[in-house]
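What's in protein.txt: compact mmCIF, C-alpha atoms and all ligand atoms
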# COMPACT_ATOMS: atom_id res chain seq x y z
CA MET A 1 171.25 144.96 53.01
CA THR A 2 167.57 145.80 52.83
CA ALA A 3 166.33 148.96 54.45
CA ASP A 4 164.40 148.33 57.66
CA PHE A 5 162.95 151.81 57.90
CA ALA A 6 161.39 154.12 55.34
CA VAL A 7 160.67 157.79 55.38
CA THR A 8 158.62 159.89 53.03
CA TRP A 9 157.63 163.49 52.44
CA PRO A 10 155.40 165.28 49.95
CA GLY A 11 157.18 165.17 46.62
CA ARG A 12 159.64 162.41 47.48
CA GLY A 13 160.87 160.59 44.42
CA GLU A 14 160.10 163.40 41.99
CA PRO A 15 162.90 164.13 39.56
CA GLU A 16 165.22 167.00 40.42
CA PRO A 17 163.87 170.22 38.91
CA PRO A 18 165.47 171.36 35.65
CA GLY A 19 168.82 172.98 36.33
CA ALA A 20 169.16 171.43 39.80
CA TYR A 21 171.88 169.11 38.62
CA GLY A 22 175.11 170.75 37.71
CA PRO A 23 177.22 169.52 34.81
CA ALA A 24 178.80 166.06 34.82
CA PRO A 25 182.09 166.29 36.71
CA GLU A 26 185.35 166.62 34.81
CA VAL A 27 188.85 166.18 36.15
CA VAL A 28 190.59 169.56 36.20
CA GLU A 29 193.75 168.68 38.10
CA THR A 30 195.52 165.70 39.57
CA VAL A 31 198.09 165.42 42.34
CA ARG A 32 200.81 162.77 42.65
CA GLY A 33 201.81 161.01 45.83
CA ASP A 34 205.25 160.16 47.19
CA ASP A 35 205.46 157.15 44.83
CA GLY A 36 204.88 159.36 41.77
CA GLU A 37 201.47 157.78 41.05
CA VAL A 38 198.34 159.90 40.77
CA SER A 39 196.93 160.01 44.29
CA GLY A 40 194.32 162.75 44.07
CA ALA A 41 191.88 164.27 41.58
CA ILE A 42 189.90 167.49 41.62
CA LEU A 43 186.73 167.52 39.56
CA VAL A 44 184.44 170.39 38.67
CA GLY A 45 180.78 169.50 38.35
CA ASP A 46 177.90 168.03 40.28
CA GLY A 47 178.92 165.49 42.92
CA GLY A 48 175.58 163.75 42.33
CA ARG A 49 176.85 162.87 38.85
CA LEU A 50 180.24 161.51 39.90
CA PRO A 51 179.45 158.02 38.49
CA GLU A 52 179.54 159.66 35.03
CA ALA A 53 183.24 160.40 35.57
CA ALA A 54 184.00 156.72 36.27
CA ALA A 55 185.99 156.12 33.07
CA ALA A 56 188.20 159.19 33.58
CA LEU A 57 188.89 158.25 37.19
CA ASP A 58 189.50 154.64 36.26
CA ALA A 59 192.18 155.78 33.82
CA LEU A 60 193.87 157.59 36.70
CA GLY A 61 193.71 154.53 38.97
CA LEU A 62 191.16 156.26 41.22
CA ALA A 63 187.94 154.44 40.25
CA PRO A 64 185.72 155.08 43.25
CA ALA A 65 182.68 152.80 42.72
CA GLY A 66 182.53 150.36 45.65
CA ALA A 67 186.08 151.36 46.57
CA ALA A 68 185.94 154.42 48.83
CA GLN A 69 186.80 153.76 52.46
CA LEU A 70 185.50 157.22 53.41
CA VAL A 71 182.87 159.39 51.75
CA TYR A 72 182.51 162.79 53.38
CA LEU A 73 179.54 165.03 52.56
CA ASP A 74 179.40 168.64 53.67
CA PRO A 75 176.49 169.95 51.59
CA PRO A 76 174.76 173.31 51.78
CA TYR A 77 172.92 173.15 55.13
CA ASN A 78 169.70 174.70 53.79
CA ARG A 79 169.72 177.36 56.49
CA GLY A 80 168.36 180.02 54.20
CA GLY A 81 171.62 181.87 53.52
CA ARG A 82 173.25 182.73 50.23
CA PHE A 83 176.93 182.11 49.75
CA GLU A 84 179.37 182.83 47.03
CA GLY A 85 178.18 180.84 44.06
CA TYR A 86 175.46 178.81 45.75
CA ARG A 87 172.06 179.32 47.32
CA ASP A 88 171.26 177.70 50.61
CA ASP A 89 167.52 178.21 50.57
CA MET A 90 165.98 175.40 48.57
CA PRO A 91 162.36 174.38 49.35
CA ARG A 92 162.60 171.60 51.94
CA ALA A 93 161.16 168.79 49.81
CA GLU A 94 163.48 169.71 46.97
CA TRP A 95 166.52 169.92 49.24
CA LEU A 96 165.74 166.51 50.75
CA GLY A 97 165.42 165.01 47.27
CA TYR A 98 168.75 166.57 46.31
CA ILE A 99 170.39 165.09 49.44
CA GLU A 100 168.79 161.69 48.90
CA THR A 101 170.22 161.46 45.39
CA ARG A 102 173.71 162.21 46.72
CA LEU A 103 173.38 159.82 49.67
CA ARG A 104 172.60 157.02 47.21
CA VAL A 105 175.58 157.96 45.07
CA ALA A 106 177.75 158.07 48.20
CA ARG A 107 176.50 154.67 49.39
CA ASP A 108 177.39 153.06 46.06
CA LEU A 109 180.87 154.58 46.15
CA LEU A 110 181.62 152.99 49.52
CA ALA A 111 183.71 149.87 49.97
CA GLU A 112 181.99 147.24 52.12
CA THR A 113 184.25 148.26 55.02
CA GLY A 114 183.74 151.98 54.42
CA THR A 115 181.91 154.75 56.26
CA LEU A 116 179.80 157.70 55.20
CA TRP A 117 180.12 160.95 57.18
CA VAL A 118 177.43 163.63 56.66
CA HIS A 119 178.02 167.10 58.09
CA LEU A 120 175.00 169.36 58.73
CA ASP A 121 173.56 171.51 61.47
CA ASP A 122 170.32 171.42 63.39
CA ALA A 123 168.30 172.96 60.56
CA GLU A 124 167.97 169.68 58.66
CA ALA A 125 170.07 167.05 60.47
CA HIS A 126 167.13 165.23 62.08
CA ARG A 127 165.41 164.75 58.73
CA VAL A 128 168.63 163.54 57.13
CA ARG A 129 169.15 161.07 60.00
CA CYS A 130 165.84 159.48 59.01
CA LEU A 131 166.89 159.51 55.38
CA LEU A 132 170.21 157.88 56.25
CA ASP A 133 168.35 155.17 58.18
CA ASP A 134 166.24 154.63 55.08
CA VAL A 135 169.08 154.62 52.51
CA LEU A 136 171.75 152.77 54.52
CA GLY A 137 169.64 150.89 57.08
CA VAL A 138 168.99 151.54 60.76
CA ASP A 139 171.74 149.10 61.78
CA ALA A 140 174.29 151.01 59.73
CA PHE A 141 174.15 153.93 62.17
CA LEU A 142 177.45 154.41 64.04
CA ALA A 143 177.34 157.88 65.61
CA ASP A 144 175.68 161.28 65.59
CA LEU A 145 178.52 163.53 66.69
CA THR A 146 178.24 167.07 67.99
CA VAL A 147 181.03 169.24 66.62
CA GLU A 148 181.61 172.62 68.22
CA SER A 149 181.94 174.88 65.19
CA ASN A 150 181.57 178.30 66.82
CA PRO A 151 182.66 178.39 70.49
CA LYS A 152 181.44 181.97 70.95
CA GLY A 153 178.01 181.15 69.54
CA ARG A 154 176.30 183.00 66.70
CA GLN A 155 174.77 185.88 68.63
CA LEU A 156 172.81 186.97 65.55
CA ASP A 157 170.74 183.77 65.69
CA ARG A 158 167.15 184.37 66.75
CA PHE A 159 166.80 182.59 70.09
CA PHE A 160 169.88 180.53 70.89
CA ALA A 161 173.44 181.30 69.83
CA GLY A 162 174.20 178.36 67.53
CA SER A 163 177.58 176.86 68.28
CA HIS A 164 177.59 173.28 66.99
CA ASP A 165 177.25 171.15 63.91
CA ARG A 166 176.09 167.56 63.57
CA LEU A 167 178.26 164.89 62.00
CA MET A 168 176.40 161.67 61.26
CA VAL A 169 178.39 158.51 60.66
CA TYR A 170 177.00 155.42 58.92
CA ALA A 171 178.58 152.15 57.81
CA ARG A 172 178.14 150.66 54.35
CA ASP A 173 177.93 147.28 56.07
CA PRO A 174 177.87 147.29 59.89
CA ALA A 175 179.14 143.69 59.98
CA ARG A 176 182.27 144.55 58.01
CA VAL A 177 182.92 148.18 58.93
CA ARG A 178 186.52 149.22 59.57
CA LEU A 179 186.72 152.33 61.73
CA THR A 180 189.12 153.32 64.46
CA SER A 181 187.03 154.90 67.17
CA GLY A 182 189.81 155.97 69.49
CA VAL A 183 193.10 157.79 69.65
CA ALA A 184 196.12 156.94 71.78
CA ALA A 185 196.65 160.59 72.70
CA ALA A 186 193.30 160.65 74.51
CA VAL A 187 194.37 158.02 77.10
CA ASP A 188 195.50 159.69 80.32
CA PRO A 189 198.08 157.55 82.22
CA ALA A 190 196.94 159.28 85.44
CA ASP A 191 193.68 157.33 85.10
CA PHE A 192 195.66 154.11 85.87
CA PRO A 193 196.96 154.76 89.42
CA HIS A 194 197.89 151.19 90.52
CA THR A 195 201.01 149.26 89.51
CA GLY A 196 200.87 145.48 89.04
CA PRO A 197 203.69 143.03 89.86
CA ASP A 198 204.73 143.13 86.18
CA GLY A 199 205.17 146.91 86.38
CA VAL A 200 202.13 147.65 84.18
CA ASN A 201 199.79 150.27 85.60
CA TYR A 202 196.12 149.48 85.97
CA ARG A 203 192.88 150.87 87.31
CA LEU A 204 189.97 149.09 88.97
CA LEU A 205 186.69 149.04 87.08
CA PRO A 206 183.57 147.66 88.78
CA LEU A 207 182.64 144.29 87.28
CA ARG A 208 179.09 145.16 88.18
CA ASN A 209 177.16 146.80 85.34
CA THR A 210 176.43 150.26 86.72
CA ASN A 211 173.76 150.99 84.08
CA LYS A 212 170.38 150.49 85.78
CA ARG A 213 168.84 149.42 82.48
CA PHE A 214 170.65 146.12 82.98
CA ASN A 215 169.31 144.08 85.89
CA PRO A 216 168.39 140.44 86.55
CA ARG A 217 165.12 140.92 84.68
CA THR A 218 166.61 142.45 81.52
CA ALA A 219 169.87 140.42 81.54
CA PRO A 220 169.15 137.18 83.42
CA THR A 221 172.28 135.36 82.22
CA MET A 222 174.56 138.03 83.68
CA THR A 223 173.62 137.43 87.28
CA TYR A 224 175.43 134.62 89.08
CA PRO A 225 177.47 134.43 92.28
CA LEU A 226 181.23 134.89 92.38
CA TYR A 227 183.42 133.85 95.29
CA GLY A 228 186.16 135.98 96.79
CA ASP A 229 188.44 136.59 99.73
CA PRO A 230 188.45 140.33 100.54
CA GLU A 231 191.66 139.87 102.60
CA THR A 232 193.72 138.64 99.64
CA GLY A 233 191.51 139.96 96.83
CA VAL A 234 191.39 136.50 95.17
CA VAL A 235 188.24 135.79 93.13
CA ALA A 236 186.88 132.39 91.97
CA VAL A 237 184.00 131.63 89.64
CA ASP A 238 183.07 128.23 91.05
CA PRO A 239 182.06 127.59 94.66
CA VAL A 240 185.04 126.99 96.87
CA PRO A 241 184.71 124.07 99.31
CA VAL A 242 183.80 125.27 102.78
CA PRO A 243 187.01 125.17 104.82
CA ALA A 244 187.35 123.18 108.00
CA ALA A 245 186.35 125.25 111.01
CA GLY A 246 189.20 127.47 112.10
CA SER A 247 191.26 127.21 108.83
CA GLY A 248 189.48 130.35 107.59
CA THR A 249 190.11 130.96 103.85
CA GLY A 250 187.57 133.79 104.15
CA MET A 251 185.94 133.08 100.74
CA VAL A 252 182.52 134.71 100.61
CA GLU A 253 179.73 134.48 98.02
CA ILE A 254 179.38 137.78 96.14
CA HIS A 255 176.29 138.88 94.20
CA PRO A 256 176.13 142.01 92.05
CA VAL A 257 174.08 144.73 93.73
CA PHE A 258 173.56 148.45 93.26
CA GLY A 259 174.48 150.87 96.08
CA ASP A 260 170.99 150.52 97.58
CA LEU A 261 171.45 146.70 97.57
CA THR A 262 168.87 146.10 94.80
CA PRO A 263 170.00 143.24 92.53
CA ALA A 264 172.29 144.16 89.63
CA VAL A 265 174.19 142.10 87.00
CA TRP A 266 177.86 141.66 86.07
CA ARG A 267 179.34 143.07 82.86
CA TRP A 268 180.89 139.70 81.98
CA SER A 269 179.19 136.38 81.35
CA ARG A 270 180.16 133.49 83.64
CA GLU A 271 182.26 132.01 80.79
CA ARG A 272 184.21 135.20 80.32
CA ALA A 273 184.71 135.57 84.08
CA ARG A 274 186.09 132.01 84.16
CA GLU A 275 188.49 132.69 81.25
CA ARG A 276 189.73 135.99 82.67
CA VAL A 277 189.47 135.31 86.41
CA ASP A 278 193.09 136.44 86.90
CA GLU A 279 192.02 139.99 86.01
CA LEU A 280 189.45 140.02 88.83
CA VAL A 281 189.99 141.23 92.35
CA CYS A 282 187.57 141.71 95.26
CA ARG A 283 187.51 144.40 97.90
CA THR A 284 185.40 145.37 100.88
CA VAL A 285 183.58 148.61 100.09
CA ARG A 286 181.68 150.86 102.45
CA GLY A 287 178.39 151.57 100.71
CA ARG A 288 175.37 153.54 101.84
CA SER A 289 173.99 150.34 103.36
CA GLY A 290 177.16 149.37 105.23
CA PRO A 291 180.21 147.29 104.22
CA ARG A 292 179.96 144.66 101.47
CA VAL A 293 182.35 142.83 99.17
CA ASP A 294 182.43 143.82 95.50
CA VAL A 295 184.37 142.58 92.47
CA TYR A 296 186.56 144.71 90.21
CA GLN A 297 188.38 144.20 86.92
CA ARG A 298 192.06 145.17 86.80
CA ASP A 299 192.03 147.25 83.61
CA ARG A 300 195.63 147.52 82.37
CA HIS A 301 197.25 150.46 80.61
CA GLU A 302 198.78 148.40 77.81
CA GLU A 303 201.22 149.85 75.29
CA GLY A 304 199.33 151.35 72.32
CA ARG A 305 196.05 151.50 74.18
CA VAL A 306 193.53 153.90 72.65
CA LYS A 307 190.65 155.71 74.24
CA LYS A 308 187.37 155.92 72.41
CA LEU A 309 186.54 159.42 71.33
CA LYS A 310 183.55 161.06 72.93
CA THR A 311 180.59 162.01 70.79
CA VAL A 312 181.13 165.71 71.49
CA TRP A 313 184.12 167.15 69.60
CA LEU A 314 185.28 170.46 71.02
CA SER A 315 186.82 173.25 68.99
CA GLN A 316 189.99 173.00 71.14
CA GLU A 317 190.49 169.53 69.63
CA VAL A 318 189.26 169.95 66.06
CA GLY A 319 189.23 173.69 65.35
CA SER A 320 186.27 175.89 64.47
CA THR A 321 184.97 177.78 61.45
CA ASP A 322 187.17 180.72 62.55
CA THR A 323 190.21 178.44 62.69
CA ALA A 324 189.33 177.17 59.22
CA ARG A 325 189.06 180.70 57.80
CA ALA A 326 192.41 181.57 59.37
CA GLU A 327 193.93 178.50 57.67
CA LEU A 328 192.63 179.74 54.33
CA ARG A 329 194.01 183.23 54.98
CA ARG A 330 197.42 181.71 55.75
CA ALA A 331 197.24 180.05 52.33
CA GLY A 332 196.57 183.52 50.86
CA ILE A 333 192.85 182.94 50.25
CA GLU A 334 190.04 185.25 51.36
CA GLY A 335 186.32 185.07 50.95
CA PHE A 336 185.27 181.40 51.22
CA ARG A 337 182.85 181.45 54.14
CA THR A 338 182.09 177.83 54.98
CA PRO A 339 185.37 175.91 55.23
CA LYS A 340 185.97 173.10 57.72
CA PRO A 341 189.10 173.17 59.89
CA GLU A 342 192.03 170.97 58.90
CA ALA A 343 192.28 169.31 62.34
CA LEU A 344 188.70 168.11 62.02
CA MET A 345 189.25 166.64 58.57
CA ARG A 346 192.53 165.04 59.64
CA ARG A 347 190.77 163.38 62.57
CA ILE A 348 188.00 162.03 60.32
CA VAL A 349 190.45 160.77 57.70
CA GLU A 350 192.63 159.13 60.36
CA LEU A 351 189.70 157.41 62.07
CA ALA A 352 188.05 156.19 58.88
CA THR A 353 190.98 155.24 56.64
CA GLU A 354 194.50 153.87 56.44
CA THR A 355 197.39 154.91 54.22
CA GLY A 356 196.51 154.39 50.56
CA ASP A 357 192.74 154.13 51.15
CA LEU A 358 190.44 156.15 48.93
CA VAL A 359 188.61 159.23 50.29
CA VAL A 360 185.77 160.91 48.33
CA ASP A 361 184.18 164.31 48.97
CA LEU A 362 181.17 165.26 46.81
CA PHE A 363 180.99 168.89 48.11
CA ALA A 364 184.63 169.89 48.09
CA GLY A 365 184.35 173.66 48.76
CA SER A 366 187.75 175.02 49.74
CA GLY A 367 189.29 171.52 49.64
CA THR A 368 189.92 170.79 53.32
CA THR A 369 189.26 167.08 52.72
CA ALA A 370 191.73 167.06 49.84
CA VAL A 371 194.41 168.73 51.97
CA ALA A 372 193.94 166.30 54.88
CA ALA A 373 193.82 163.22 52.63
CA ARG A 374 196.88 164.32 50.65
CA ASP A 375 198.92 165.14 53.76
CA LEU A 376 198.02 161.79 55.35
CA GLY A 377 199.02 159.74 52.32
CA ARG A 378 195.53 158.69 51.25
CA ARG A 379 194.19 158.62 47.68
CA TRP A 380 191.34 161.05 47.11
CA VAL A 381 188.69 162.36 44.72
CA VAL A 382 186.90 165.64 45.41
CA VAL A 383 184.10 167.27 43.40
CA GLU A 384 183.03 170.92 43.55
CA ARG A 385 180.20 172.31 41.50
CA ASN A 386 181.28 175.94 41.45
CA PRO A 387 184.14 176.44 38.97
CA ASP A 388 185.07 179.79 40.56
CA THR A 389 185.57 178.10 43.95
CA VAL A 390 187.84 175.53 42.33
CA ARG A 391 189.82 178.14 40.41
CA ASP A 392 190.09 180.79 43.14
CA VAL A 393 190.08 178.75 46.35
CA LEU A 394 190.61 175.01 46.08
CA LEU A 395 193.45 174.85 43.54
CA PRO A 396 195.41 177.82 44.97
CA ARG A 397 195.04 176.30 48.43
CA LEU A 398 196.36 172.91 47.35
CA ARG A 399 199.31 174.60 45.66
CA ALA A 400 200.02 176.91 48.58
CA THR A 401 200.04 174.05 51.07
CA ALA A 402 201.85 171.43 48.95
CA ARG A 403 205.16 170.11 50.24
CA PRO A 404 207.99 171.51 48.13
CA ASP A 405 208.93 168.06 46.75
CA HIS A 406 205.43 167.52 45.24
C1 LIG B 501 179.56 173.67 53.04
S1 LIG B 501 180.52 173.86 51.63
C2 LIG B 501 181.76 172.63 51.81
C3 LIG B 501 182.94 173.13 52.56
C4 LIG B 501 184.11 172.18 52.59
N1 LIG B 501 183.89 171.04 53.42
C5 LIG B 501 185.38 172.90 53.05
O1 LIG B 501 186.01 172.48 54.03
O2 LIG B 501 185.69 173.91 52.44
C6 LIG B 501 179.49 173.20 50.38
C7 LIG B 501 180.11 173.24 49.00
O3 LIG B 501 179.36 172.37 48.15
C8 LIG B 501 179.30 172.95 46.87
N2 LIG B 501 178.16 172.31 46.18
C9 LIG B 501 176.85 172.58 46.30
N3 LIG B 501 176.12 171.71 45.56
C10 LIG B 501 177.02 170.88 44.97
C11 LIG B 501 176.91 169.76 44.10
N4 LIG B 501 175.72 169.36 43.67
N5 LIG B 501 178.02 169.12 43.72
C12 LIG B 501 179.25 169.54 44.14
N6 LIG B 501 179.41 170.60 44.97
C13 LIG B 501 178.31 171.25 45.38
C14 LIG B 501 179.16 174.43 47.13
O4 LIG B 501 179.53 175.17 46.00
C15 LIG B 501 180.09 174.61 48.33
O5 LIG B 501 181.39 174.94 47.91
Will you turn the file into structure tokens for me?
Amino acid sequence: MTADFAVTWPGRGEPEPPGAYGPAPEVVETVRGDDGEVSGAILVGDGGRLPEAAAALDALGLAPAGAAQLVYLDPPYNRGGRFEGYRDDMPRAEWLGYIETRLRVARDLLAETGTLWVHLDDAEAHRVRCLLDDVLGVDAFLADLTVESNPKGRQLDRFFAGSHDRLMVYARDPARVRLTSGVAAAVDPADFPHTGPDGVNYRLLPLRNTNKRFNPRTAPTMTYPLYGDPETGVVAVDPVPVPAAGSGTGMVEIHPVFGDLTPAVWRWSRERARERVDELVCRTVRGRSGPRVDVYQRDRHEEGRVKKLKTVWLSQEVGSTDTARAELRRAGIEGFRTPKPEALMRRIVELATETGDLVVDLFAGSGTTAVAARDLGRRWVVVERNPDTVRDVLLPRLRATARPDH
């Protein structure tokens, strides 16, 4: 795909300054899955140089080029802090160049169906959104999620108590992307209060498009009359012959209108309404402008139905930085300050991949991605530049949390 948007900044395209790249990554440990095959690899080195480890990973059966279903990037946020083993205060132009290099590496690692997830906060996220549009294409954008990372808020921040991160999701190819965007657990059966003759519960959704952006001017093909009998609820797409006087079928012509009676449009085309007319029902409603007949879709609570996740992810659902530090402490590890919580990484891995898919993390840190991918039966490759973090945090964590039979 060609990029349909470009962004620039002073110094874009200049080579990374000497010493900016870390060493080429080397495999320091592998993990085997239930089938005894190598399923995960930990590398020490610069994630931006992962392609240089292709031969070693190939030999392990984990060659990532064009094969990763999920690439997760949680780089230094460039907030100005200094953490164990890495500085988080690069000059902006330099930091953007460093991110661009790794976004390009990440893009080339992705399978055509894969997704790239970039975790940042509001210090740099808006600039990286532009860069992602440039590197992956505007159409590749899937979501810009808000993740509550600190429910109490960082009271030491200057003006507002920072409490969220940004998690930007892009497809390698939006036409082929494979991503589950919902979870069954999020569907609340109480939202489906009616029971149909077949015993399946349903709710009534207005067939009218309630978004005012859509109206007969902006969506002219979505406005057409339907016909319905509010006594029986029956709906028809084609005009029903006028009954003989006195036989009274009660069919009336129904047009989509907003509450103030200004013209609206339906959510379904006429063809779709014809195909699925059995799902439609009409009712008399008492609006602000008096009674009128409106059309509804019977939306059934089918087995296995999932609900799309909202774009705000609360710490009650996915944990917080405090939760993540507590998880490390439980594994006997102190001192790593920027881990992600396991529930968050499990959610991402579950949405973006299936069993056996390949997950890559170019900024592994304490190894939360590795833990989630391993525990969910995925194959995985993680790279961390700081050898001390790998030795003192990531490897001990993987060992401490491994199932006894591994
Ligand atoms: C925000 S932390 C990642 C935290 C991780 N997601 C977790 O759950 O623990 C960023 C990590 O990236 C590492 N890092 C920085 N630059 C890197 C690079 N070029 N290649 C690989 N790792 C890098 C840092 O040492 C740090 O451990």
*Within 8 Å of Val187 of chain A, counting only C-alpha atoms, which residues qualify if same-chain residues fewer than 6 places away don't, as a ChimeraX atom specification?*
/A:305-307
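For the pair atom CA of Val281 of chain A and atom CA of Val240 of chain A, the interatomic distance is 15.7 Å.
When only C-alpha atoms and all ligand atoms are used to measure the gap to ligand LIG 501 (chain B), the shortest distance among A:Phe5, A:Phe141, A:Phe363, A:Trp380 belongs to A:Phe363.
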*Could you give me, as a VMD selection string, the residues that sit within 12 Å of (184.6, 167.1, 43.5) in the file's coordinates, counting all atoms listed in the file?*
chain A and resid 22 to 30 40 to 51 53 57 71 to 75 359 to 370 380 to 387 389 to 390 394 to 395
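Minimum atom-to-atom distances from A:Arg391, A:Arg178, A:Arg298, A:Arg378 to ligand LIG 501 (chain B) were compared using all atoms listed in the file, and the lowest value belongs to A:Arg391.
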*If you count only C-alpha atoms, which residues fall within 10 Å of Arg267 of chain A, apart from same-chain ones fewer than 3 positions away, as an MDAnalysis selection string?*
chainID A and resid 206:211 214 219 222:223 256 264 270 272:273 297
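In terms of minimum interatomic distance to Arg172 of chain A, A:Ala106 ranks closest within A:Pro220, A:Ala106, A:Ala125, A:Gly196, counting only C-alpha atoms.
Taking atom CA of Ile348 of chain A as the reference point, atom CA of Val128 of chain A is found at 19.7 Å.
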*atom CA of Glu279 of chain A and atom CA of Asn215 of chain A are how many Å apart?*
23.1 Å
*asked:* Can you tell me which residues surround Glu100 of chain A at a distance of at most 9 Å, considering all atoms listed in the file, apart from same-chain residues fewer than 4 positions away, and format the answer as a PyMOL selection string?
replied: chain A and resi 95-96+104-105+128+131-132+135
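Neighbours of Gly259 of chain A closer than or equal to 10 Å, with all atoms listed in the file counted and sequence neighbours fewer than 2 positions away skipped, come out as Thr210, Pro256, Val257, Leu261, Thr262, Pro263, Ala264, Arg286, Gly287, Arg288, Ser289, Gly290 and Arg292 of chain A.
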*Have a look at A:Arg12, A:Lys340, A:Arg283, A:His255 and name the one nearest to Ser320 of chain A; count only C-alpha atoms.*
A:Lys340
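The residue that comes closest to ligand LIG 501 (chain B), out of A:Arg176, A:Lys310, A:His126, A:Arg346 and on the basis of all atoms listed in the file, is A:Arg346.
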